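Below is coords.cif, holding mmCIF, C-alpha atoms and all ligand atoms.
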```
data_start
#
loop_
_atom_site.label_atom_id
_atom_site.label_comp_id
_atom_site.auth_asym_id
_atom_site.auth_seq_id
_atom_site.Cartn_x
_atom_site.Cartn_y
_atom_site.Cartn_z
CA MET I 120 101.00 2.17 33.20
CA ARG I 121 102.43 2.11 36.71
CA SER I 122 100.32 4.10 39.19
CA TRP I 123 101.51 5.13 42.65
CA PRO I 124 101.67 3.60 46.16
CA THR I 125 98.50 3.00 48.16
CA PRO I 126 98.37 4.99 51.39
CA PHE I 127 97.67 3.15 54.62
CA ILE I 128 93.93 3.37 55.43
CA PRO I 129 93.03 2.78 59.10
CA GLN I 130 89.96 0.65 59.85
CA LEU I 131 87.23 2.30 61.90
CA PRO I 132 84.54 0.85 64.13
CA GLY I 133 81.06 1.10 62.57
CA ARG I 134 80.37 2.02 58.97
CA ALA I 135 79.20 4.85 56.72
CA PRO I 136 75.53 5.14 55.74
CA GLN I 137 74.40 4.91 52.11
CA VAL I 138 76.35 7.40 50.01
CA ARG I 139 74.40 9.80 47.80
CA VAL I 140 75.87 12.01 45.11
CA ARG I 141 74.51 14.80 42.91
CA ASP I 142 74.14 13.30 39.46
CA THR I 143 74.85 15.83 36.69
CA THR I 144 72.38 14.34 34.23
CA SER I 145 69.32 14.33 36.48
CA GLY I 146 70.50 17.14 38.74
CA GLU I 147 69.31 15.00 41.64
CA LEU I 148 70.87 13.36 44.66
CA ARG I 149 71.10 9.66 43.88
CA PRO I 150 72.67 6.62 45.59
CA ALA I 151 76.26 6.30 44.39
CA ALA I 152 76.41 2.51 44.59
CA SER I 153 74.25 -0.10 42.90
CA GLY I 154 75.79 -3.14 44.62
CA PRO I 155 78.68 -4.35 46.77
CA THR I 156 81.31 -3.39 44.19
CA VAL I 157 81.25 0.15 42.87
CA THR I 158 82.84 0.78 39.48
CA LEU I 159 84.37 4.21 39.06
CA TYR I 160 86.00 5.77 36.00
CA VAL I 161 87.65 9.16 36.44
CA CYS I 162 89.15 11.01 33.51
CA GLY I 163 92.89 11.38 34.02
CA ILE I 164 95.36 14.06 33.03
CA THR I 165 96.67 15.17 29.67
CA PRO I 166 100.32 15.23 30.74
CA TYR I 167 101.72 18.34 29.09
CA ASP I 168 102.05 20.39 32.26
CA ALA I 169 102.18 19.73 36.00
CA THR I 170 99.28 18.99 38.34
CA HIS I 171 97.54 22.20 39.35
CA ILE I 172 95.12 22.80 42.20
CA GLY I 173 92.11 22.24 39.89
CA HIS I 174 93.31 18.77 38.91
CA ALA I 175 94.10 18.03 42.56
CA ALA I 176 90.56 19.09 43.54
CA THR I 177 89.13 16.61 41.03
CA TYR I 178 91.25 13.66 42.16
CA VAL I 179 90.80 14.42 45.86
CA THR I 180 87.03 14.63 45.37
CA PHE I 181 86.89 11.16 43.82
CA ASP I 182 89.33 9.90 46.43
CA LEU I 183 86.88 11.09 49.07
CA LEU I 184 84.10 9.24 47.28
CA GLY I 185 86.18 6.04 47.22
CA ARG I 186 87.02 6.38 50.91
CA ILE I 187 83.44 6.84 52.11
CA LEU I 188 82.20 4.00 49.88
CA ARG I 189 84.89 1.68 51.28
CA ASP I 190 84.00 2.75 54.80
CA GLY I 191 80.39 1.83 53.99
CA GLY I 192 81.50 -1.72 53.21
CA HIS I 193 81.75 -1.48 49.40
CA SER I 194 84.70 -2.49 47.38
CA VAL I 195 85.66 0.05 44.76
CA ARG I 196 86.99 -0.78 41.33
CA TYR I 197 88.64 2.34 40.05
CA VAL I 198 90.01 2.99 36.57
CA GLN I 199 91.74 6.14 35.36
CA ASN I 200 93.28 6.99 32.00
CA ILE I 201 96.10 9.22 30.81
CA THR I 202 95.60 11.19 27.59
CA ASP I 203 99.23 10.73 26.65
CA ILE I 204 98.77 11.59 22.98
CA ASP I 205 96.68 14.59 21.93
CA ASP I 206 97.00 17.90 20.07
CA PRO I 207 97.82 20.05 23.13
CA LEU I 208 100.59 17.65 24.15
CA LEU I 209 102.11 17.76 20.64
CA GLU I 210 101.83 21.56 20.53
CA ARG I 211 103.54 22.00 23.91
CA ALA I 212 106.30 19.55 23.00
CA GLU I 213 106.91 21.46 19.75
CA ARG I 214 106.93 24.83 21.56
CA ASP I 215 109.41 23.58 24.17
CA GLY I 216 111.57 21.58 21.75
CA VAL I 217 111.13 18.29 23.59
CA ALA I 218 109.90 14.92 22.37
CA TRP I 219 106.14 14.55 23.03
CA ASP I 220 106.58 11.18 24.74
CA GLU I 221 109.36 12.45 26.99
CA LEU I 222 107.18 15.37 28.03
CA ALA I 223 104.34 12.96 28.84
CA THR I 224 106.60 10.60 30.79
CA ARG I 225 108.02 13.48 32.82
CA GLU I 226 104.63 14.98 33.68
CA VAL I 227 103.08 11.62 34.57
CA ALA I 228 105.99 10.99 36.95
CA LEU I 229 105.35 14.34 38.62
CA PHE I 230 101.62 13.60 38.81
CA ARG I 231 102.37 10.32 40.61
CA GLU I 232 104.50 12.18 43.14
CA ASP I 233 101.76 14.78 43.68
CA MET I 234 99.07 12.12 44.12
CA THR I 235 101.27 10.20 46.57
CA ALA I 236 101.95 13.36 48.57
CA LEU I 237 98.21 14.14 48.66
CA ALA I 238 97.44 10.60 49.93
CA VAL I 239 95.17 9.87 46.96
CA ILE I 240 94.35 6.16 46.70
CA PRO I 241 95.61 5.01 43.28
CA PRO I 242 93.30 3.54 40.64
CA ASP I 243 93.30 -0.26 40.31
CA GLU I 244 94.08 0.21 36.64
CA TYR I 245 95.96 3.21 35.31
CA LEU I 246 95.99 3.18 31.54
CA GLY I 247 97.74 5.37 29.03
CA ALA I 248 95.98 6.01 25.73
CA VAL I 249 99.14 5.11 23.80
CA GLU I 250 99.56 1.68 25.38
CA SER I 251 95.83 1.03 24.79
CA ILE I 252 95.67 2.05 21.10
CA PRO I 253 95.45 -1.57 19.85
CA THR I 254 92.25 -1.95 21.91
CA PHE I 255 90.61 1.08 20.23
CA VAL I 256 91.03 -0.04 16.62
CA GLY I 257 88.58 -2.98 16.70
CA PRO I 258 85.74 -0.96 18.25
CA ILE I 259 86.21 1.91 15.73
CA GLU I 260 86.16 -0.60 12.86
CA GLN I 261 83.00 -2.07 14.37
CA LEU I 262 81.33 1.36 14.47
CA VAL I 263 82.18 1.88 10.78
CA ARG I 264 80.85 -1.59 9.90
CA GLU I 265 77.63 -1.00 11.79
CA GLY I 266 77.00 2.39 10.17
CA MET I 267 77.59 4.43 13.33
CA ALA I 268 80.78 5.96 11.94
CA TYR I 269 82.04 7.09 8.54
CA ALA I 270 85.25 8.08 6.82
CA VAL I 271 86.09 11.54 5.53
CA PRO I 272 88.90 11.90 2.96
CA ALA I 273 91.95 13.61 4.44
CA PRO I 274 94.00 14.90 1.50
CA ASP I 275 96.47 16.59 3.87
CA ALA I 276 97.30 13.23 5.47
CA VAL I 277 100.01 10.83 4.36
CA ASP I 278 98.64 8.65 1.54
CA GLY I 279 97.50 5.12 2.31
CA ALA I 280 98.62 1.92 0.53
CA GLY I 281 98.94 2.25 -3.25
CA GLY I 282 98.60 6.05 -3.07
CA ALA I 283 95.00 5.89 -1.80
CA VAL I 284 93.81 9.08 -0.10
CA ALA I 285 93.90 8.60 3.66
CA ARG I 286 90.71 9.04 5.66
CA ASP I 287 89.72 10.32 9.07
CA VAL I 288 86.85 8.57 10.82
CA TYR I 289 83.96 10.35 12.56
CA PHE I 290 81.11 9.19 14.78
CA ASP I 291 77.67 9.94 13.33
CA VAL I 292 75.73 11.64 16.15
CA THR I 293 72.51 11.56 14.14
CA ARG I 294 72.54 7.75 14.40
CA ASP I 295 72.39 8.02 18.20
CA PRO I 296 68.97 9.21 19.40
CA ALA I 297 70.28 9.44 22.97
CA PHE I 298 73.05 11.92 22.05
CA GLY I 299 72.69 14.99 24.28
CA GLY I 300 71.10 13.04 27.13
CA VAL I 301 74.13 13.17 29.43
CA SER I 302 74.61 16.94 29.37
CA ASN I 303 71.01 17.91 28.55
CA LEU I 304 72.22 20.85 26.47
CA ASP I 305 70.48 22.26 23.41
CA GLU I 306 72.21 22.18 20.05
CA ALA I 307 73.40 25.80 20.15
CA GLN I 308 75.06 25.23 23.55
CA MET I 309 76.58 21.99 22.33
CA LEU I 310 78.03 23.67 19.25
CA GLU I 311 79.59 26.45 21.27
CA LEU I 312 81.28 24.04 23.71
CA PHE I 313 82.30 21.65 20.96
CA ALA I 314 84.25 24.39 19.20
CA GLU I 315 85.78 25.60 22.47
CA ARG I 316 86.86 22.20 23.73
CA GLY I 317 88.81 20.53 20.98
CA GLY I 318 86.03 19.80 18.45
CA ASP I 319 86.13 20.63 14.73
CA PRO I 320 82.61 21.76 13.74
CA ASP I 321 83.79 23.25 10.44
CA ARG I 322 85.68 20.27 9.08
CA PRO I 323 84.45 19.85 5.49
CA GLY I 324 82.88 16.49 4.72
CA LYS I 325 81.41 15.85 8.15
CA ARG I 326 77.76 14.82 8.19
CA HIS I 327 76.96 16.83 11.33
CA ARG I 328 78.96 19.66 12.87
CA LEU I 329 78.92 17.87 16.24
CA ASP I 330 80.30 14.58 14.92
CA PRO I 331 83.38 13.73 17.02
CA LEU I 332 86.63 12.37 15.61
CA LEU I 333 87.30 8.67 16.19
CA TRP I 334 90.48 8.17 14.19
CA ARG I 335 92.85 10.75 12.69
CA ALA I 336 94.83 9.59 9.69
CA HIS I 337 98.61 9.98 9.84
CA ARG I 338 99.76 13.58 9.17
CA GLU I 339 103.39 14.24 8.27
CA GLY I 340 105.44 14.82 11.41
CA GLU I 341 102.79 13.43 13.78
CA PRO I 342 103.15 10.17 15.69
CA HIS I 343 101.03 7.37 14.26
CA TRP I 344 100.09 3.79 14.99
CA ASP I 345 98.78 0.83 13.05
CA GLY I 346 95.03 1.17 12.57
CA ALA I 347 94.40 -2.05 10.56
CA SER I 348 91.59 -1.20 8.08
CA LEU I 349 91.51 2.40 9.35
CA GLY I 350 95.05 2.98 8.10
CA PRO I 351 97.89 4.42 10.17
CA GLY I 352 96.90 7.24 12.50
CA ARG I 353 95.94 8.05 16.06
CA PRO I 354 92.73 7.88 18.07
CA GLY I 355 90.25 10.64 18.86
CA TRP I 356 89.96 11.65 22.49
CA HIS I 357 86.49 10.41 23.51
CA ILE I 358 86.83 6.88 22.14
CA GLU I 359 89.87 6.35 24.36
CA CYS I 360 87.94 6.79 27.60
CA ALA I 361 84.98 4.84 26.21
CA CYS I 362 87.09 1.80 25.28
CA ILE I 363 89.22 1.85 28.44
CA ALA I 364 86.10 1.98 30.62
CA LEU I 365 84.39 -0.79 28.61
CA ASP I 366 87.46 -3.04 28.66
CA HIS I 367 88.29 -2.65 32.32
CA LEU I 368 84.92 -2.06 33.99
CA GLY I 369 82.15 -3.24 31.63
CA VAL I 370 78.79 -1.51 31.22
CA PRO I 371 77.03 0.10 32.85
CA ILE I 372 79.65 1.60 35.10
CA ASP I 373 78.38 3.09 38.35
CA ILE I 374 80.09 6.46 38.19
CA GLN I 375 81.78 8.53 35.51
CA GLY I 376 83.77 11.31 37.09
CA GLY I 377 85.81 14.33 36.08
CA GLY I 378 85.63 18.10 36.10
CA THR I 379 82.60 20.03 34.81
CA ASP I 380 84.69 21.06 31.78
CA LEU I 381 84.29 17.47 30.57
CA ILE I 382 80.49 17.25 30.64
CA PHE I 383 80.30 18.29 27.00
CA PRO I 384 81.54 17.12 24.58
CA HIS I 385 83.81 14.62 26.33
CA HIS I 386 81.43 12.69 28.58
CA GLU I 387 78.54 13.03 26.13
CA ALA I 388 80.62 11.62 23.28
CA SER I 389 82.40 8.89 25.22
CA ALA I 390 79.05 7.69 26.58
CA ALA I 391 77.66 7.67 23.02
CA HIS I 392 80.68 5.71 21.74
CA ALA I 393 80.51 3.23 24.63
CA ARG I 394 76.76 2.65 24.16
CA ALA I 395 77.23 2.13 20.43
CA VAL I 396 80.18 -0.25 20.84
CA SER I 397 78.55 -2.32 23.59
CA HIS I 398 74.97 -2.12 22.24
CA SER I 399 73.79 -1.08 25.66
CA GLU I 400 71.36 1.62 26.70
CA THR I 401 73.34 3.10 29.56
CA PHE I 402 77.03 3.80 29.86
CA ALA I 403 77.18 5.29 33.37
CA ARG I 404 74.48 5.20 36.03
CA ARG I 405 75.77 8.44 37.54
CA TYR I 406 77.84 11.39 36.38
CA VAL I 407 79.65 13.30 39.09
CA HIS I 408 81.57 16.47 38.29
CA GLN I 409 83.99 18.62 40.20
CA ALA I 410 83.29 22.34 39.79
CA MET I 411 86.08 24.42 38.28
CA VAL I 412 88.72 25.88 40.54
CA GLY I 413 89.91 29.29 39.41
CA LEU I 414 92.75 31.73 39.91
CA ASP I 415 92.60 35.49 39.40
CA GLY I 416 89.03 35.38 38.14
CA GLU I 417 89.47 32.66 35.52
CA LYS I 418 89.33 28.88 35.37
CA MET I 419 92.75 27.54 36.27
CA SER I 420 94.01 25.92 33.08
CA LYS I 421 97.18 24.73 31.47
CA SER I 422 96.29 26.46 28.22
CA LYS I 423 95.83 29.85 29.95
CA GLY I 424 98.85 29.33 32.17
CA ASN I 425 97.24 30.74 35.35
CA LEU I 426 98.37 27.89 37.53
CA VAL I 427 99.11 27.07 41.13
CA LEU I 428 101.02 23.82 40.94
CA VAL I 429 100.89 21.20 43.66
CA SER I 430 104.58 20.47 43.10
CA ALA I 431 105.49 24.16 43.44
CA LEU I 432 103.62 24.42 46.76
CA ARG I 433 105.39 21.29 47.97
CA ALA I 434 108.73 22.71 46.90
CA GLU I 435 107.96 25.84 48.93
CA GLY I 436 107.60 23.55 51.95
CA VAL I 437 103.79 23.53 52.19
CA ASP I 438 102.67 20.38 54.02
CA PRO I 439 100.64 18.23 51.56
CA ALA I 440 98.08 17.71 54.36
CA VAL I 441 97.53 21.48 54.29
CA ILE I 442 96.94 21.38 50.53
CA ARG I 443 94.47 18.57 51.00
CA LEU I 444 92.64 20.46 53.77
CA ALA I 445 92.51 23.55 51.57
CA LEU I 446 90.79 21.50 48.86
CA LEU I 447 88.41 19.78 51.29
CA ALA I 448 87.28 23.14 52.68
CA HIS I 449 85.32 23.58 49.41
CA HIS I 450 82.30 21.60 48.30
CA HIS I 451 82.95 19.71 45.07
CA SER I 452 79.94 21.18 43.31
CA THR I 453 80.75 24.82 44.06
CA GLU I 454 83.23 26.79 42.00
CA TRP I 455 85.93 28.50 44.01
CA VAL I 456 89.07 30.52 43.59
CA TRP I 457 92.50 29.76 45.01
CA THR I 458 93.96 32.58 47.15
CA ASP I 459 96.66 32.87 49.81
CA ASP I 460 93.88 33.06 52.42
CA VAL I 461 92.72 29.55 51.49
CA LEU I 462 96.20 28.27 52.25
CA GLU I 463 96.49 30.24 55.49
CA GLU I 464 93.14 28.98 56.78
CA ALA I 465 94.10 25.39 56.04
CA THR I 466 97.47 25.87 57.74
CA SER I 467 95.90 27.18 60.91
CA ARG I 468 93.17 24.50 60.86
CA LEU I 469 95.73 21.71 60.64
CA ALA I 470 97.78 23.27 63.44
CA THR I 471 94.67 23.43 65.66
CA TRP I 472 93.77 19.83 64.91
CA ARG I 473 97.32 18.72 65.64
CA ARG I 474 97.35 20.50 68.98
CA ALA I 475 94.00 18.99 69.98
CA LEU I 476 95.02 15.52 68.86
CA ALA I 477 98.30 15.67 70.78
CA SER I 478 96.45 15.71 74.14
CA ASP I 479 96.12 12.52 76.15
CA GLY I 480 92.35 12.72 76.26
CA GLY I 481 89.38 14.57 74.87
CA PRO I 482 85.63 14.69 74.56
CA ALA I 483 83.93 11.52 73.30
CA ALA I 484 84.78 10.91 69.64
CA GLU I 485 82.08 8.53 68.42
CA GLN I 486 79.51 11.18 67.56
CA THR I 487 82.07 13.25 65.67
CA VAL I 488 83.05 10.20 63.62
CA GLU I 489 79.39 9.64 62.74
CA GLU I 490 79.04 13.29 61.76
CA ILE I 491 82.06 13.09 59.45
CA ARG I 492 80.58 9.98 57.86
CA SER I 493 77.12 11.36 57.38
CA HIS I 494 78.35 14.63 55.87
CA LEU I 495 80.57 12.79 53.41
CA ALA I 496 77.76 10.36 52.56
CA ASP I 497 75.61 13.40 51.80
CA ASP I 498 77.11 14.34 48.42
CA LEU I 499 80.67 14.53 49.76
CA ASP I 500 80.02 17.54 51.96
CA SER I 501 83.63 17.88 53.06
CA PRO I 502 83.32 21.47 54.39
CA ARG I 503 80.79 20.28 56.95
CA ALA I 504 82.86 17.20 57.77
CA LEU I 505 85.82 19.49 58.54
CA GLU I 506 83.59 21.64 60.76
CA ALA I 507 82.64 18.57 62.78
CA VAL I 508 86.34 17.97 63.47
CA ASP I 509 86.80 21.70 64.25
CA ARG I 510 84.09 21.46 66.91
CA TRP I 511 85.68 18.42 68.52
CA ALA I 512 89.12 20.09 68.46
CA ALA I 513 87.76 23.33 69.96
CA GLN I 514 86.16 21.40 72.81
CA ALA I 515 89.27 19.33 73.38
CA LEU I 516 91.41 22.47 73.59
CA THR I 517 89.06 24.52 75.77
CA ARG I 518 87.49 21.93 78.03
CA GLY I 519 89.64 18.84 77.62
CA GLY I 520 87.80 15.61 78.25
CA GLU I 521 88.01 12.37 80.07
CA HIS I 522 88.15 9.97 77.10
CA PRO I 523 91.75 8.82 76.68
CA GLU I 524 91.02 6.97 73.40
CA ALA I 525 89.23 9.90 71.74
CA PRO I 526 92.18 11.68 70.10
CA ARG I 527 93.35 8.42 68.56
CA LEU I 528 89.92 7.62 67.16
CA ILE I 529 89.52 11.11 65.69
CA ALA I 530 92.99 10.89 64.16
CA ARG I 531 92.16 7.52 62.59
CA ALA I 532 88.84 8.82 61.22
CA VAL I 533 90.45 11.96 59.79
CA ASP I 534 93.07 9.75 58.14
CA ALA I 535 90.69 7.05 56.84
CA LEU I 536 87.81 9.25 55.71
CA LEU I 537 89.44 12.55 54.83
CA GLY I 538 92.89 11.31 53.85
CA VAL I 539 94.53 13.82 56.19
CA ARG I 540 97.32 12.51 58.37
CA VAL I 541 97.57 14.57 61.54
N1 LIG R 1 92.78 14.01 29.81
C1 LIG R 1 91.54 14.72 29.86
C2 LIG R 1 90.43 13.86 30.40
S1 LIG R 1 90.27 12.33 29.54
C3 LIG R 1 91.67 16.00 30.70
O1 LIG R 1 90.70 16.71 30.82
N2 LIG R 1 92.88 16.24 31.21
S2 LIG R 1 93.25 17.54 32.08
O2 LIG R 1 94.63 17.36 32.45
O3 LIG R 1 92.92 18.70 31.36
O4 LIG R 1 92.38 17.52 33.35
C4 LIG R 1 92.49 16.47 34.29
C5 LIG R 1 91.25 16.44 35.19
O5 LIG R 1 91.18 17.64 35.96
C6 LIG R 1 89.94 16.36 34.40
O6 LIG R 1 89.03 15.51 35.10
C7 LIG R 1 89.45 17.79 34.39
O7 LIG R 1 88.05 17.87 34.27
C8 LIG R 1 89.94 18.31 35.73
N3 LIG R 1 90.21 19.77 35.74
C9 LIG R 1 90.93 20.48 34.83
N4 LIG R 1 90.98 21.78 35.16
C10 LIG R 1 90.30 21.91 36.33
C11 LIG R 1 89.99 23.03 37.20
N5 LIG R 1 90.41 24.26 36.94
N6 LIG R 1 89.26 22.78 38.32
C12 LIG R 1 88.83 21.52 38.60
N7 LIG R 1 89.09 20.43 37.83
C13 LIG R 1 89.81 20.62 36.71
ZN ZN R 2 88.27 11.13 29.66
#
```
Using structure tokens, write down the structure that the file contains.
Amino acid sequence: MRSWPTPFIPQLPGRAPQVRVRDTTSGELRPAASGPTVTLYVCGITPYDATHIGHAATYVTFDLLGRILRDGGHSVRYVQNITDIDDPLLERAERDGVAWDELATREVALFREDMTALAVIPPDEYLGAVESIPTFVGPIEQLVREGMAYAVPAPDAVDGAGGAVARDVYFDVTRDPAFGGVSNLDEAQMLELFAERGGDPDRPGKRHRLDPLLWRAHREGEPHWDGASLGPGRPGWHIECACIALDHLGVPIDIQGGGTDLIFPHHEASAAHARAVSHSETFARRYVHQAMVGLDGEKMSKSKGNLVLVSALRAEGVDPAVIRLALLAHHHSTEWVWTDDVLEEATSRLATWRRALASDGGPAAEQTVEEIRSHLADDLDSPRALEAVDRWAAQALTRGGEHPEAPRLIARAVDALLGVRV
């Protein structure tokens, strides 16, 4: 799938220190990189509605991670998916009387525009689930062959060849002793989240209530693809991310990213699938999660409809750099709520920075650049990085300074490290 244009990233003198991130599984701060090239997989959108501020927070957070790693001398190999076939997409298309694939195409196009406006560096590989379906079939067949997955008759599905009853395929969590080790939840917690987040604990014929769907046999009226020995159907959600990450990054990947709503079951199950398919012990060295952004006291979500859309803010004339600053004013691991005040504070901050950076000189910039770097390297502490720029700008505006190159260096650092063009 086509992604979006790469923003210009200025080079800076010096380099970032080692980057550490809070790893969800261990709860500890851990080095983000294991070598010169960092492999990053971030779960992409399900394109049935437009990019909201919560999505933007997630992609800006991982953009920040990519920027500080690059500044530290790493190269970053970044893969992102699109869940362009799934139940919620089909339901929305049905509700709105549009074709599911047209809805997906339209929303992906809008997402690209939003990401471009927010100066998010695109992934190296941007892969739709639909275009990748042929690459999921072999691994699912392998899991069945190796006893990690099993078929459940699906009498409500369209019959297979010769009138044979079609079958759905499930992953057998009891065959994976490491299942639960990503999220560290107990079974009761897992069951609750599984039911809430797209799972089917009560499906008759499953061996374990937590077993996730790998392949759904063709139901009348639903899109379907060739599944070779699995029969016609469509893939389950978690296997898509597992296979795309395995195919395009290999195991173990350095970082699996997404919002905290994906910790269970999505990241637990896709790690289990990826380990089983690749016969490896570890899928991702680190799990990094963006805390949920809310609106009016609830998680912002497409299904609830309490949304602030990036495209709507842009249409109202809000500068995308202001949106980006509003996001960066919050630490990625702290939940927060979008309000008009957040937007106003970001607007006035950007105006102050712009005034300070328009002067022909200022206080020395080098220390501020190092502060921005070290805050970002410390678990992407963007609020403190912004405060370092605030301090420089306040000094520049009150006391001026005799360093003619300083405003230019600060502007380049703010652009390269924070993705904010002033
Ligand atoms: N397609 C799947 C991932 S494979 C999905 O979760 N799509 S999504 O469109 O629902 O979300 C896209 C990304 O934004 C995911 O990483 C998700 O965790 C994150 N996200 C969703 N809602 C919020 C929110 N309110 N705050 C922060 N991040 C969010
Ligand atoms: Zn995913």
Hey, could you make a per-residue contact list for chain I against ligand LIG 1 (chain R) with 9 Å as the cut-off, showing the nearest pair of atoms and its distance in Å to one decimal, counting all atoms listed in the file, sorted by chain and number, as a tab-separated table?
```
residue	atom	partner	partner_atom	distance
I:Val161	CA	R:LIG1	O6	6.6
I:Cys162	CA	R:LIG1	S1	4.3
I:Gly163	CA	R:LIG1	N1	5.0
I:Ile164	CA	R:LIG1	O2	3.4
I:Thr165	CA	R:LIG1	N1	4.1
I:Pro166	CA	R:LIG1	O2	6.3
I:Tyr167	CA	R:LIG1	O2	7.9
I:Asp168	CA	R:LIG1	O2	8.0
I:Ala169	CA	R:LIG1	O2	8.7
I:Thr170	CA	R:LIG1	O2	7.7
I:His171	CA	R:LIG1	N4	7.8
I:Ile172	CA	R:LIG1	N6	7.0
I:Gly173	CA	R:LIG1	N6	3.3
I:His174	CA	R:LIG1	O5	3.8
I:Ala175	CA	R:LIG1	O5	7.2
I:Ala176	CA	R:LIG1	C12	5.8
I:Thr177	CA	R:LIG1	N7	5.0
I:Tyr178	CA	R:LIG1	O5	7.4
I:Gln199	CA	R:LIG1	S1	8.6
I:Asn200	CA	R:LIG1	S1	6.6
I:Ile201	CA	R:LIG1	N1	5.9
I:Thr202	CA	R:LIG1	N1	4.6
I:Asp203	CA	R:LIG1	N1	7.9
I:Asp205	CA	R:LIG1	N1	8.8
I:Trp356	CA	R:LIG1	S1	7.1
I:His357	CA	R:LIG1	S1	7.4
I:Glu359	CA	R:LIG1	S1	7.9
I:Cys360	CA	R:LIG1	S1	6.3
I:Gly376	CA	R:LIG1	O6	7.0
I:Gly377	CA	R:LIG1	O6	3.6
I:Gly378	CA	R:LIG1	O7	3.0
I:Thr379	CA	R:LIG1	O7	5.9
I:Asp380	CA	R:LIG1	O7	5.3
I:Leu381	CA	R:LIG1	O7	5.3
I:Ile382	CA	R:LIG1	O7	8.4
I:His385	CA	R:LIG1	S1	7.6
I:His386	CA	R:LIG1	S1	8.9
I:His408	CA	R:LIG1	O7	7.8
I:Gln409	CA	R:LIG1	C12	5.9
I:Ala410	CA	R:LIG1	C12	5.7
I:Met411	CA	R:LIG1	N6	3.6
I:Val412	CA	R:LIG1	N6	3.9
I:Gly413	CA	R:LIG1	N5	5.6
I:Leu414	CA	R:LIG1	N5	8.4
I:Glu417	CA	R:LIG1	N5	8.6
I:Lys418	CA	R:LIG1	N5	5.0
I:Met419	CA	R:LIG1	N5	4.1
I:Ser420	CA	R:LIG1	N5	5.5
I:Lys421	CA	R:LIG1	O3	7.4
I:Leu426	CA	R:LIG1	N5	8.8
I:His451	CA	R:LIG1	C12	8.9
I:Glu454	CA	R:LIG1	N6	8.1
I:Trp455	CA	R:LIG1	N6	8.7
```
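Using all atoms listed in the file for every distance, the candidate list I:Gly192, I:Ser122, I:Glu341, I:Thr293 yields I:Glu341 as the residue closest to Asp220 (chain I).
Nearest residue to ligand ZN 2 (chain R) among I:Gly247, I:Asp295, I:Asp275, I:Thr453 is I:Gly247, counting only C-alpha atoms and all ligand atoms.
With all atoms listed in the file as the atoms that count, the minimum distance from Glu489 (chain I) to the choices I:Gly154, I:Gly282, I:Pro132, I:Gly520 is reached by I:Pro132.
Closest approach to ligand ZN 2 (chain R) from the set I:Pro371, I:Pro384, I:Gly519, I:Gly146 is made by I:Pro384, with distances taken over only C-alpha atoms and all ligand atoms.
The gap separating CA of Ala151 (chain I) from CA of Asp373 (chain I) is 7.2 Å, in Å to one decimal.
The space between CA of Ala223 (chain I) and CA of Tyr197 (chain I) spans 22.0 Å.
Taking all atoms listed in the file into account, Glu464 (chain I) lies nearest to I:Ile442 out of the set I:Leu209, I:Leu476, I:Ile442, I:Val256.
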Check: Near Pro523 (chain I), within 12 Å and counting all atoms listed in the file, which residues show up once chain neighbours fewer than 2 positions away are dropped, as a ChimeraX atom specification?
Finding: /I:476-484,515,519-521,525-529
